[in-house]
file upload_20.txt (compact mmCIF, C-alpha atoms)
# COMPACT_ATOMS: atom_id res chain seq x y z
CA MET C 1 45.45 -189.58 -90.24
CA PHE C 2 45.59 -186.22 -88.51
CA GLU C 3 48.36 -183.66 -88.12
CA ARG C 4 49.80 -183.01 -84.67
CA VAL C 5 51.45 -179.80 -83.59
CA THR C 6 54.30 -180.14 -81.09
CA LEU C 7 54.11 -177.09 -78.88
CA LEU C 8 56.79 -175.07 -77.19
CA SER C 9 57.86 -176.35 -73.81
CA ALA C 10 55.19 -174.32 -72.02
CA LEU C 11 52.34 -176.21 -73.69
CA THR C 12 51.34 -179.81 -74.27
CA CYS C 13 50.49 -181.06 -77.76
CA ALA C 14 46.80 -181.43 -78.58
CA LEU C 15 44.26 -181.99 -81.28
CA LEU C 16 40.58 -181.50 -81.65
CA SER C 17 38.25 -183.74 -79.74
CA GLN C 18 36.01 -183.55 -82.79
CA ALA C 19 38.36 -185.89 -84.60
CA GLN C 20 37.02 -188.88 -82.72
CA ALA C 21 33.44 -187.69 -83.22
CA GLY C 22 33.89 -187.66 -86.97
CA VAL C 23 33.43 -183.92 -87.52
CA ALA C 24 36.15 -183.80 -90.17
CA SER C 25 36.36 -186.46 -92.87
CA GLU C 26 39.78 -185.42 -94.09
CA PRO C 27 43.03 -184.28 -92.43
CA VAL C 28 43.10 -181.10 -90.42
CA ALA C 29 45.79 -178.81 -91.79
CA PRO C 30 46.89 -176.22 -89.25
CA THR C 31 48.88 -173.24 -90.47
CA VAL C 32 51.95 -173.23 -88.25
CA VAL C 33 54.77 -170.71 -88.09
CA ARG C 34 57.53 -171.55 -85.67
CA GLY C 35 57.17 -169.64 -82.42
CA GLN C 36 54.01 -167.85 -83.52
CA VAL C 37 50.32 -168.23 -82.85
CA ALA C 38 48.37 -170.06 -85.52
CA ARG C 39 44.76 -171.15 -85.97
CA THR C 40 43.42 -174.38 -87.43
CA GLU C 41 40.21 -174.80 -89.41
CA LEU C 42 38.08 -177.68 -90.55
CA PRO C 43 38.18 -178.47 -94.27
CA THR C 44 34.69 -176.99 -94.53
CA GLY C 45 36.14 -173.62 -93.48
CA LYS C 46 34.44 -173.55 -90.12
CA ASP C 47 36.49 -171.46 -87.70
CA LEU C 48 37.32 -173.39 -84.56
CA GLY C 49 37.63 -170.18 -82.59
CA ALA C 50 39.22 -171.10 -79.28
CA ILE C 51 41.55 -173.84 -80.54
CA TRP C 52 44.92 -172.18 -81.04
CA PHE C 53 48.52 -173.41 -81.20
CA ILE C 54 52.06 -172.10 -80.84
CA GLY C 55 54.00 -173.80 -83.55
CA ASP C 56 57.27 -175.65 -83.09
CA SER C 57 57.11 -178.60 -85.45
CA ILE C 58 54.62 -180.93 -87.13
CA THR C 59 54.63 -184.72 -86.89
CA GLN C 60 52.17 -187.47 -87.74
CA SER C 61 49.90 -189.03 -85.13
CA ASN C 62 46.92 -191.33 -85.01
CA ALA C 63 43.35 -190.22 -84.28
CA ASP C 64 43.36 -191.51 -80.70
CA GLY C 65 46.48 -189.91 -79.27
CA ASP C 66 49.88 -188.41 -79.97
CA ALA C 67 52.85 -190.13 -81.59
CA ASN C 68 53.51 -192.01 -78.35
CA GLY C 69 49.89 -193.07 -77.90
CA SER C 70 49.23 -190.60 -75.07
CA PRO C 71 45.77 -188.98 -74.87
CA ARG C 72 45.56 -185.45 -76.14
CA LYS C 73 44.83 -182.50 -73.89
CA SER C 74 42.54 -179.58 -74.71
CA LEU C 75 44.20 -176.25 -75.39
CA LYS C 76 41.04 -174.13 -75.13
CA PRO C 77 41.98 -171.13 -72.94
CA GLU C 78 40.15 -170.98 -69.61
CA SER C 79 41.01 -167.32 -69.08
CA ALA C 80 42.53 -164.33 -70.79
CA GLU C 81 45.88 -165.01 -69.15
CA SER C 82 46.05 -168.76 -69.81
CA ALA C 83 47.60 -168.19 -73.23
CA ASP C 84 48.89 -165.38 -75.39
CA ALA C 85 46.56 -166.45 -78.18
CA PRO C 86 43.43 -164.35 -78.80
CA LEU C 87 40.24 -165.68 -77.26
CA PHE C 88 37.86 -164.36 -79.91
CA PRO C 89 38.13 -164.05 -83.70
CA GLY C 90 37.95 -160.27 -83.84
CA LYS C 91 40.24 -157.26 -83.78
CA LYS C 92 42.01 -157.18 -80.41
CA CYS C 93 42.76 -153.89 -78.66
CA ASP C 94 43.35 -152.47 -75.20
CA PHE C 95 40.33 -150.89 -73.55
CA ARG C 96 41.30 -149.09 -70.34
CA GLY C 97 43.66 -151.91 -69.45
CA TYR C 98 41.33 -154.76 -70.49
CA ASP C 99 41.42 -157.00 -73.54
CA ARG C 100 38.73 -156.05 -76.00
CA TYR C 101 37.74 -157.69 -79.29
CA ASP C 102 35.82 -155.72 -81.91
CA HIS C 103 34.07 -156.93 -85.07
CA VAL C 104 33.55 -160.44 -83.74
CA LYS C 105 31.58 -161.99 -86.58
CA THR C 106 28.54 -164.21 -86.17
CA ALA C 107 26.15 -165.79 -88.64
CA LYS C 108 23.81 -162.83 -88.05
CA GLY C 109 26.05 -159.82 -87.51
CA SER C 110 28.89 -158.78 -85.23
CA PHE C 111 29.61 -157.61 -81.70
CA SER C 112 32.38 -156.43 -79.38
CA ILE C 113 33.46 -157.97 -76.10
CA VAL C 114 35.54 -156.83 -73.11
CA CYS C 115 37.21 -159.67 -71.23
CA PRO C 116 38.17 -160.27 -67.60
CA LYS C 117 41.56 -161.68 -66.64
CA ASN C 118 39.78 -164.75 -65.32
CA ALA C 119 36.14 -165.62 -66.00
CA ALA C 120 33.92 -166.11 -62.95
CA PRO C 121 32.27 -169.52 -62.42
CA GLY C 122 29.39 -169.95 -64.82
CA LYS C 123 30.85 -167.28 -67.15
CA PRO C 124 28.38 -164.48 -66.34
CA TRP C 125 28.07 -161.68 -68.88
CA LEU C 126 26.60 -158.23 -69.31
CA TRP C 127 24.71 -157.16 -72.45
CA ARG C 128 25.30 -153.53 -73.29
CA SER C 129 24.62 -151.31 -76.30
CA LEU C 130 24.56 -147.68 -77.39
CA TYR C 131 26.88 -145.08 -75.82
CA TRP C 132 28.61 -147.58 -73.52
CA ASP C 133 32.09 -146.57 -74.65
CA ALA C 134 31.39 -142.84 -74.49
CA ILE C 135 29.79 -142.61 -71.03
CA LYS C 136 32.70 -143.45 -68.74
CA ARG C 137 30.76 -143.25 -65.49
CA PHE C 138 28.44 -145.94 -66.84
CA SER C 139 31.09 -148.18 -68.43
CA ASN C 140 33.52 -147.84 -65.51
CA THR C 141 30.83 -149.28 -63.26
CA ASP C 142 30.70 -152.35 -65.50
CA LEU C 143 34.49 -152.63 -65.47
CA GLN C 144 34.26 -153.20 -61.72
CA LEU C 145 32.27 -156.32 -62.60
CA VAL C 146 34.84 -157.27 -65.25
CA ASP C 147 37.37 -157.27 -62.41
CA GLN C 148 35.14 -159.87 -60.77
CA GLY C 149 35.01 -162.15 -63.80
CA TYR C 150 32.14 -160.81 -65.92
CA HIS C 151 32.40 -160.25 -69.67
CA VAL C 152 30.84 -157.14 -71.26
CA VAL C 153 29.19 -157.80 -74.64
CA LEU C 154 28.26 -154.90 -76.94
CA ALA C 155 25.66 -156.22 -79.37
CA HIS C 156 23.45 -153.55 -80.89
CA GLY C 157 19.82 -153.98 -81.82
CA ASP C 158 17.64 -151.58 -83.81
CA VAL C 159 17.84 -147.97 -82.58
CA SER C 160 14.06 -147.61 -82.92
CA GLY C 161 13.38 -150.90 -81.18
CA HIS C 162 12.17 -152.78 -84.26
CA PRO C 163 12.21 -156.60 -83.98
CA ARG C 164 14.56 -156.91 -86.96
CA GLY C 165 17.35 -155.72 -84.69
CA ASN C 166 17.03 -158.85 -82.56
CA ALA C 167 18.94 -160.94 -85.10
CA ASN C 168 22.27 -159.29 -84.27
CA ILE C 169 21.78 -159.89 -80.55
CA ASP C 170 20.67 -163.46 -81.26
CA GLY C 171 23.89 -164.08 -83.17
CA ALA C 172 26.04 -162.92 -80.27
CA TYR C 173 24.01 -164.91 -77.75
CA GLU C 174 24.21 -168.11 -79.79
CA LEU C 175 27.95 -167.87 -80.40
CA LEU C 176 28.82 -167.09 -76.79
CA THR C 177 26.57 -169.70 -75.17
CA GLN C 178 27.11 -172.49 -77.70
CA GLU C 179 30.78 -172.05 -78.63
CA TYR C 180 32.27 -170.42 -75.53
CA GLY C 181 30.20 -171.82 -72.68
CA PHE C 182 28.82 -168.50 -71.46
CA SER C 183 25.87 -168.47 -69.07
CA LYS C 184 22.50 -169.10 -70.70
CA LYS C 185 21.24 -165.93 -69.01
CA CYS C 186 22.72 -162.44 -69.26
CA SER C 187 22.34 -159.26 -67.24
CA MET C 188 21.06 -156.50 -69.53
CA ALA C 189 21.51 -152.76 -69.14
CA SER C 190 20.88 -149.69 -71.28
CA MET C 191 20.77 -145.94 -71.28
CA SER C 192 18.70 -143.48 -73.27
CA ARG C 193 17.36 -144.83 -76.60
CA GLY C 194 19.33 -148.07 -76.22
CA THR C 195 16.48 -149.11 -73.93
CA LEU C 196 14.24 -149.61 -76.97
CA SER C 197 16.33 -152.47 -78.36
CA LEU C 198 16.91 -153.93 -74.89
CA PHE C 199 13.22 -154.45 -74.16
CA ARG C 200 12.49 -155.61 -77.69
CA TRP C 201 14.95 -158.49 -77.34
CA ALA C 202 14.27 -159.16 -73.66
CA THR C 203 10.50 -159.45 -74.05
CA GLU C 204 10.98 -162.03 -76.81
CA ASN C 205 13.66 -163.90 -74.83
CA PRO C 206 12.68 -163.54 -71.15
CA GLU C 207 14.13 -166.94 -70.25
CA LYS C 208 17.57 -165.68 -71.29
CA VAL C 209 17.54 -162.56 -69.10
CA GLU C 210 18.82 -162.50 -65.53
CA SER C 211 18.14 -158.86 -64.70
CA ILE C 212 17.56 -155.47 -66.35
CA TYR C 213 19.13 -152.15 -65.33
CA VAL C 214 17.96 -148.99 -67.12
CA ASP C 215 19.67 -145.59 -66.74
CA ASN C 216 17.58 -142.63 -67.91
CA GLY C 217 16.12 -144.88 -70.56
CA VAL C 218 13.43 -144.30 -73.17
CA CYS C 219 10.46 -146.31 -71.92
CA ASN C 220 7.71 -144.53 -73.83
CA VAL C 221 8.13 -143.51 -77.49
CA LEU C 222 5.32 -140.97 -77.15
CA SER C 223 7.58 -139.12 -74.71
CA TRP C 224 10.69 -139.60 -76.86
CA PRO C 225 11.21 -139.39 -79.77
CA ALA C 226 7.67 -138.00 -80.25
CA GLY C 227 7.43 -135.45 -77.44
CA LYS C 228 6.01 -131.94 -77.76
CA PRO C 229 6.88 -131.40 -81.44
CA VAL C 230 4.29 -133.94 -82.64
CA PRO C 231 0.83 -132.38 -83.15
CA GLY C 232 -1.85 -133.95 -80.98
CA ASN C 233 0.68 -135.52 -78.61
CA HIS C 234 0.20 -134.60 -74.96
CA SER C 235 3.81 -134.86 -73.83
CA ILE C 236 6.17 -132.58 -71.93
CA GLY C 237 9.23 -134.25 -73.49
CA SER C 238 11.53 -132.31 -75.81
CA GLY C 239 11.23 -134.95 -78.53
CA ASN C 240 13.28 -135.39 -81.70
CA ARG C 241 11.60 -135.03 -85.08
CA LYS C 242 14.30 -136.88 -87.02
CA SER C 243 14.21 -139.90 -84.69
CA TRP C 244 10.39 -139.83 -84.69
CA THR C 245 10.37 -139.95 -88.48
CA LEU C 246 12.76 -142.90 -88.39
CA PHE C 247 10.54 -144.68 -85.85
CA LYS C 248 7.51 -144.24 -88.12
CA GLN C 249 9.43 -145.53 -91.11
CA GLN C 250 10.74 -148.57 -89.25
CA PHE C 251 7.28 -149.62 -88.08
CA GLY C 252 5.42 -148.60 -91.22
CA TYR C 253 3.29 -145.80 -89.79
CA ALA C 254 2.11 -143.39 -92.50
CA THR C 255 1.00 -140.53 -90.25
CA ASP C 256 1.66 -139.05 -86.83
CA ALA C 257 -1.89 -139.86 -85.78
CA GLU C 258 -1.38 -143.53 -86.64
CA ALA C 259 1.99 -143.68 -84.90
CA LEU C 260 0.61 -142.08 -81.73
CA LYS C 261 -1.54 -145.20 -81.26
CA THR C 262 1.54 -147.44 -81.21
CA LYS C 263 2.05 -150.20 -78.67
CA GLN C 264 5.76 -150.63 -79.43
CA SER C 265 7.17 -148.89 -76.33
CA PRO C 266 9.02 -150.78 -73.58
CA ILE C 267 6.08 -149.99 -71.27
CA ASP C 268 3.91 -152.07 -73.64
CA LEU C 269 6.26 -155.08 -73.66
CA LEU C 270 6.41 -156.01 -69.98
CA GLU C 271 4.14 -159.00 -69.47
CA PRO C 272 6.55 -161.79 -70.59
CA LEU C 273 9.28 -160.35 -68.36
CA ALA C 274 7.01 -160.14 -65.33
CA LYS C 275 5.85 -163.74 -65.86
CA ALA C 276 9.47 -164.87 -66.07
CA GLY C 277 10.32 -163.07 -62.82
CA VAL C 278 12.98 -160.77 -64.34
CA PRO C 279 13.87 -158.03 -61.81
CA ILE C 280 14.25 -154.44 -63.06
CA LEU C 281 16.25 -151.53 -61.62
CA MET C 282 15.54 -148.03 -62.99
CA VAL C 283 17.77 -145.00 -62.35
CA CYS C 284 16.45 -141.68 -63.65
CA GLY C 285 16.68 -137.92 -63.29
CA SER C 286 13.95 -135.77 -61.76
CA LYS C 287 14.85 -132.94 -64.18
CA ASP C 288 15.24 -134.89 -67.44
CA PRO C 289 13.75 -132.81 -70.28
CA ALA C 290 14.25 -135.54 -72.91
CA VAL C 291 12.93 -138.53 -71.00
CA PRO C 292 10.71 -137.12 -68.23
CA TYR C 293 10.29 -139.36 -65.20
CA GLU C 294 6.51 -138.90 -65.20
CA GLU C 295 6.16 -140.23 -68.74
CA ASN C 296 8.69 -143.03 -68.56
CA ASP C 297 9.93 -144.55 -65.31
CA ALA C 298 6.78 -143.79 -63.33
CA ILE C 299 4.61 -145.57 -65.91
CA MET C 300 7.07 -148.45 -66.14
CA GLU C 301 7.00 -148.91 -62.37
CA GLN C 302 3.21 -148.80 -62.13
CA ARG C 303 2.65 -151.27 -64.96
CA TYR C 304 5.35 -153.75 -63.94
CA GLN C 305 4.11 -153.86 -60.36
CA ALA C 306 0.55 -154.38 -61.63
CA LEU C 307 1.80 -157.40 -63.57
CA GLY C 308 3.43 -158.80 -60.42
CA GLY C 309 6.97 -157.91 -61.48
CA SER C 310 9.82 -156.84 -59.21
CA ILE C 311 10.99 -153.29 -59.94
CA GLU C 312 12.91 -150.59 -58.07
CA VAL C 313 13.17 -146.96 -59.23
CA ILE C 314 15.89 -144.60 -58.01
CA VAL C 315 15.18 -140.94 -58.80
CA GLU C 316 18.20 -138.64 -58.69
CA ASN C 317 18.33 -134.85 -58.72
CA LYS C 318 19.70 -134.52 -62.26
CA GLY C 319 18.79 -134.14 -65.92
CA HIS C 320 19.53 -136.49 -68.83
CA SER C 321 22.94 -137.68 -67.64
CA HIS C 322 24.03 -141.27 -67.13
CA GLY C 323 25.74 -143.31 -64.45
CA MET C 324 25.50 -143.01 -60.68
CA LYS C 325 28.16 -141.19 -58.67
CA ASP C 326 28.00 -144.09 -56.24
CA PRO C 327 27.16 -147.17 -58.33
CA THR C 328 26.91 -149.49 -55.33
CA PRO C 329 23.14 -150.08 -55.77
CA VAL C 330 23.70 -151.07 -59.41
CA LEU C 331 26.58 -153.42 -58.64
CA GLU C 332 24.71 -155.08 -55.78
CA PHE C 333 21.58 -155.48 -57.93
CA ILE C 334 23.46 -157.18 -60.76
CA LYS C 335 25.51 -159.47 -58.52
CA LYS C 336 22.51 -160.43 -56.40
CA ASN C 337 20.69 -161.61 -59.49
CA THR C 338 23.63 -163.41 -61.14
CA ASN C 339 23.79 -167.18 -60.99
CA THR C 340 27.48 -168.09 -60.89
CA LYS C 341 26.92 -171.85 -60.63
CA LYS C 342 28.45 -173.86 -63.45
call {"tool": "encode", "arguments": {"input": "upload_20.txt", "output": "structure tokens"}}
result
Amino acid sequence: MFERVTLLSALTCALLSQAQAGVASEPVAPTVVRGQVARTELPTGKDLGAIWFIGDSITQSNADGDANGSPRKSLKPESAESADAPLFPGKKCDFRGYDRYDHVKTAKGSFSIVCPKNAAPGKPWLWRSLYWDAIKRFSNTDLQLVDQGYHVVLAHGDVSGHPRGNANIDGAYELLTQEYGFSKKCSMASMSRGTLSLFRWATENPEKVESIYVDNGVCNVLSWPAGKPVPGNHSIGSGNRKSWTLFKQQFGYATDAEALKTKQSPIDLLEPLAKAGVPILMVCGSKDPAVPYEENDAIMEQRYQALGGSIEVIVENKGHSHGMKDPTPVLEFIKKNTNTKK
């Protein structure tokens, strides 16, 4: 026998479709407080995430229907405004007028997500990472896509681009696509050093990537974080000794000379993406002292084209700043390469 929750007049009673499939071998025991949102869990402790109830009363029912024998209806929210219940099991807050959930736990880590009022067909989503919250010109561009039904997912990888950082992104991807029906492909974007973790995950998962947009991104670790400070390095970049030391530690390089031979830059990880036909848009500054165009975007463009990949580079008259004053090219690029079919 299973418990049934009778909902307030605005909702129809429901139970889990898993009951018929034999997921639970003992009664489901929802915690119900009259007039409040409550969540039910399987006896194993597995969180059912999107199955939420507004409690009114509890009665007995059989496994095939409600007390009157009527089939149950799913209560899984289709949009952020379909119910007052939270959509994700994280800390909910307001982010510039949008629902945001932080510390959403997965089997491999955690992530944050910004939600649209109504998800677009196919549930398209944008992978984002470092500095997204802080750089408003960049994040406000994405919020225009949230208005059109995209979700923004902040799932960080390793800041030095080491493969171990992929696990956290994997956890977010698996939860969203398997539990919440998100698109099997995401649109990825990064700025500055966040580009290292983007290409690390993307090159190992090219079939899961719809498009890549990079804004003044680190494409060549010999340019940054190595740069001019590293002896024997022929770079015009300003570099960062602390970040270079971290990079060497992460990848196990004992000396500068050994690390300068590395093939762990985004410009070295392009072949799987080109073969998969992933389009790339680069936006960069002609006066960037940290990530010089000549040592990053120019090399990326030349190598990706040589591999048969589709890439466009927009060079602006600026330094190491992020976000376009007119983001129309970025928005059009992302939407053009988004598959919104269910």
call {"tool": "closest_residue", "arguments": {"input": "upload_20.txt", "among": "C:Ser235, C:Asn337, C:Asn317, C:Gln250", "to": "Ile280 of chain C", "atoms": "all atoms listed in the file"}}
result
C:Asn337
call {"tool": "residues_around", "arguments": {"input": "upload_20.txt", "residues": "segment 163-170 of chain C", "least_positions_apart": "3", "cutoff": "6 Å", "atoms": "only C-alpha atoms", "output": "list of chain:residue names"}}
result
C:Lys108, C:Gly109, C:Ala155, C:Gly157, C:Asp158, C:Tyr173, C:Trp201
call {"tool": "closest_residue", "arguments": {"input": "upload_20.txt", "among": "C:Arg303, C:His151, C:His156, C:Arg193", "to": "Ala290 of chain C", "atoms": "all atoms listed in the file"}}
result
C:Arg193
call {"tool": "residues_around", "arguments": {"input": "upload_20.txt", "residues": "Val283 of chain C", "least_positions_apart": "4", "cutoff": "8 Å", "atoms": "all atoms listed in the file", "output": "list in words"}}
result
Tyr213, Val214, Asp215, Asn216, Val313, Ile314, Val315 and Glu316 of chain C
call {"tool": "atom_distance", "arguments": {"input": "upload_20.txt", "atom1": "atom CA of Cys93 of chain C", "atom2": "atom CA of Ala189 of chain C"}}
result
23.3 Å
call {"tool": "closest_residue", "arguments": {"input": "upload_20.txt", "among": "C:Glu312, C:Asn118, C:Ala107, C:Gln144", "to": "Glu174 of chain C", "atoms": "all atoms listed in the file"}}
result
C:Ala107
call {"tool": "residues_around", "arguments": {"input": "upload_20.txt", "residues": "Asp268 of chain C", "least_positions_apart": "2", "cutoff": "10 Å", "atoms": "only C-alpha atoms", "output": "mmCIF file with C-alpha atoms, in the frame of the given file"}}
result
data_model
loop_
_atom_site.group_PDB
_atom_site.id
_atom_site.type_symbol
_atom_site.label_atom_id
_atom_site.label_comp_id
_atom_site.auth_asym_id
_atom_site.auth_seq_id
_atom_site.Cartn_x
_atom_site.Cartn_y
_atom_site.Cartn_z
ATOM 1 C CA PHE C 199 13.220 -154.450 -74.160
ATOM 2 C CA THR C 203 10.500 -159.450 -74.050
ATOM 3 C CA CYS C 219 10.460 -146.310 -71.920
ATOM 4 C CA ASN C 220 7.710 -144.530 -73.830
ATOM 5 C CA THR C 262 1.540 -147.440 -81.210
ATOM 6 C CA LYS C 263 2.050 -150.200 -78.670
ATOM 7 C CA GLN C 264 5.760 -150.630 -79.430
ATOM 8 C CA SER C 265 7.170 -148.890 -76.330
ATOM 9 C CA PRO C 266 9.020 -150.780 -73.580
ATOM 10 C CA LEU C 270 6.410 -156.010 -69.980
ATOM 11 C CA GLU C 271 4.140 -159.000 -69.470
ATOM 12 C CA MET C 300 7.070 -148.450 -66.140
ATOM 13 C CA ARG C 303 2.650 -151.270 -64.960
ATOM 14 C CA TYR C 304 5.350 -153.750 -63.940
#
call {"tool": "closest_residue", "arguments": {"input": "upload_20.txt", "among": "C:Ser321, C:Ser238, C:Ser211, C:Gln302", "to": "Phe333 of chain C", "atoms": "all atoms listed in the file"}}
result
C:Ser211
call {"tool": "axis_aligned_box", "arguments": {"input": "upload_20.txt", "around": "segment 324-336 of chain C", "padding_each_side": "3 Å", "output": "AutoDock Vina command-line options"}}
result
--center_x 24.9 --center_y -150.8 --center_z -58.0 --size_x 12.6 --size_y 25.2 --size_z 11.4
call {"tool": "atom_distance", "arguments": {"input": "upload_20.txt", "atom1": "atom CA of Leu143 of chain C", "atom2": "atom CA of Thr340 of chain C"}}
result
17.6 Å
call {"tool": "atom_distance", "arguments": {"input": "upload_20.txt", "atom1": "atom CA of Ser110 of chain C", "atom2": "atom CA of Trp224 of chain C"}}
result
27.7 Å
call {"tool": "closest_residue", "arguments": {"input": "upload_20.txt", "among": "C:Thr255, C:Gly285, C:Leu154, C:Val291", "to": "Asn240 of chain C", "atoms": "only C-alpha atoms"}}
result
C:Val291
call {"tool": "closest_residue", "arguments": {"input": "upload_20.txt", "among": "C:Pro116, C:Asp297, C:Tyr150, C:Thr106", "to": "Leu87 of chain C", "atoms": "only C-alpha atoms"}}
result
C:Pro116
call {"tool": "closest_atom_pairs", "arguments": {"input": "upload_20.txt", "of": "segment 126-198 of chain C", "to": "segment 241-245 of chain C", "cutoff": "12 Å", "atoms": "all atoms listed in the file", "output": "CSV"}}
result
residue,atom,partner,partner_atom,distance
C:Val159,CA,C:Ser243,CA,9.1
C:Ser160,CA,C:Ser243,CA,7.9
C:Gly161,CA,C:Ser243,CA,11.6
C:Arg193,CA,C:Ser243,CA,10.0
call {"tool": "residues_around", "arguments": {"input": "upload_20.txt", "residues": "Val209 of chain C", "least_positions_apart": "6", "cutoff": "9 Å", "atoms": "only C-alpha atoms", "output": "list in words"}}
result
Lys184, Lys185, Cys186, Ser187, Met188, Ala202, Leu273, Ala276 and Val278 of chain C
call {"tool": "residues_around", "arguments": {"input": "upload_20.txt", "residues": "Arg96 of chain C", "least_positions_apart": "5", "cutoff": "12 Å", "atoms": "all atoms listed in the file", "output": "PyMOL selection string"}}
result
chain C and resi 114-116+133+136+139-140+143-144+146
call {"tool": "write_last_selection", "arguments": {"input": "upload_20.txt", "atoms": "C-alpha atoms", "output": "mmCIF file, in the frame of the given file"}}
result
data_model
loop_
_atom_site.group_PDB
_atom_site.id
_atom_site.type_symbol
_atom_site.label_atom_id
_atom_site.label_comp_id
_atom_site.auth_asym_id
_atom_site.auth_seq_id
_atom_site.Cartn_x
_atom_site.Cartn_y
_atom_site.Cartn_z
ATOM 1 C CA VAL C 114 35.540 -156.830 -73.110
ATOM 2 C CA CYS C 115 37.210 -159.670 -71.230
ATOM 3 C CA PRO C 116 38.170 -160.270 -67.600
ATOM 4 C CA ASP C 133 32.090 -146.570 -74.650
ATOM 5 C CA LYS C 136 32.700 -143.450 -68.740
ATOM 6 C CA SER C 139 31.090 -148.180 -68.430
ATOM 7 C CA ASN C 140 33.520 -147.840 -65.510
ATOM 8 C CA LEU C 143 34.490 -152.630 -65.470
ATOM 9 C CA GLN C 144 34.260 -153.200 -61.720
ATOM 10 C CA VAL C 146 34.840 -157.270 -65.250
#
call {"tool": "decode", "arguments": {"input": "upload_20.txt", "residues": "segment 113-130 of chain C", "atoms": "N, CA and C atoms", "output": "compact mmCIF listing (two decimals), in the first residue's frame"}}
result
# COMPACT_ATOMS: atom_id res chain seq x y z
N ILE C 113 22.40 27.10 -10.51
CA ILE C 113 21.60 27.18 -11.73
C ILE C 113 20.65 28.37 -11.65
N VAL C 114 20.55 29.11 -12.76
CA VAL C 114 19.62 30.23 -12.89
C VAL C 114 18.52 29.80 -13.85
N CYS C 115 17.27 30.00 -13.43
CA CYS C 115 16.13 29.40 -14.14
C CYS C 115 15.28 30.42 -14.89
N PRO C 116 14.76 30.03 -16.04
CA PRO C 116 13.81 30.88 -16.75
C PRO C 116 12.42 30.72 -16.15
N LYS C 117 11.52 31.62 -16.50
CA LYS C 117 10.13 31.47 -16.06
C LYS C 117 9.50 30.24 -16.71
N ASN C 118 9.80 30.04 -17.97
CA ASN C 118 9.33 28.87 -18.69
C ASN C 118 10.46 28.34 -19.55
N ALA C 119 10.77 27.06 -19.42
CA ALA C 119 11.84 26.46 -20.21
C ALA C 119 11.46 26.38 -21.68
N ALA C 120 12.41 26.66 -22.55
CA ALA C 120 12.19 26.55 -23.99
C ALA C 120 12.09 25.07 -24.38
N PRO C 121 11.45 24.78 -25.52
CA PRO C 121 11.38 23.38 -25.97
C PRO C 121 12.76 22.76 -26.06
N GLY C 122 12.88 21.54 -25.57
CA GLY C 122 14.15 20.86 -25.58
C GLY C 122 15.03 21.17 -24.38
N LYS C 123 14.59 22.13 -23.56
CA LYS C 123 15.33 22.56 -22.37
C LYS C 123 16.81 22.85 -22.65
N PRO C 124 17.07 23.86 -23.48
CA PRO C 124 18.47 24.23 -23.76
C PRO C 124 19.12 24.84 -22.53
N TRP C 125 20.43 24.70 -22.43
CA TRP C 125 21.13 25.27 -21.27
C TRP C 125 22.53 25.72 -21.62
N LEU C 126 23.02 26.66 -20.80
CA LEU C 126 24.30 27.30 -21.00
C LEU C 126 25.24 26.91 -19.87
N TRP C 127 26.40 26.33 -20.21
CA TRP C 127 27.42 26.05 -19.18
C TRP C 127 28.28 27.28 -19.02
N ARG C 128 28.42 27.70 -17.77
CA ARG C 128 29.26 28.85 -17.45
C ARG C 128 30.11 28.53 -16.23
N SER C 129 31.13 29.38 -15.98
CA SER C 129 32.05 29.06 -14.89
C SER C 129 32.56 30.33 -14.22
N LEU C 130 33.86 30.45 -14.08
CA LEU C 130 34.48 31.51 -13.30
C LEU C 130 34.07 32.92 -13.72
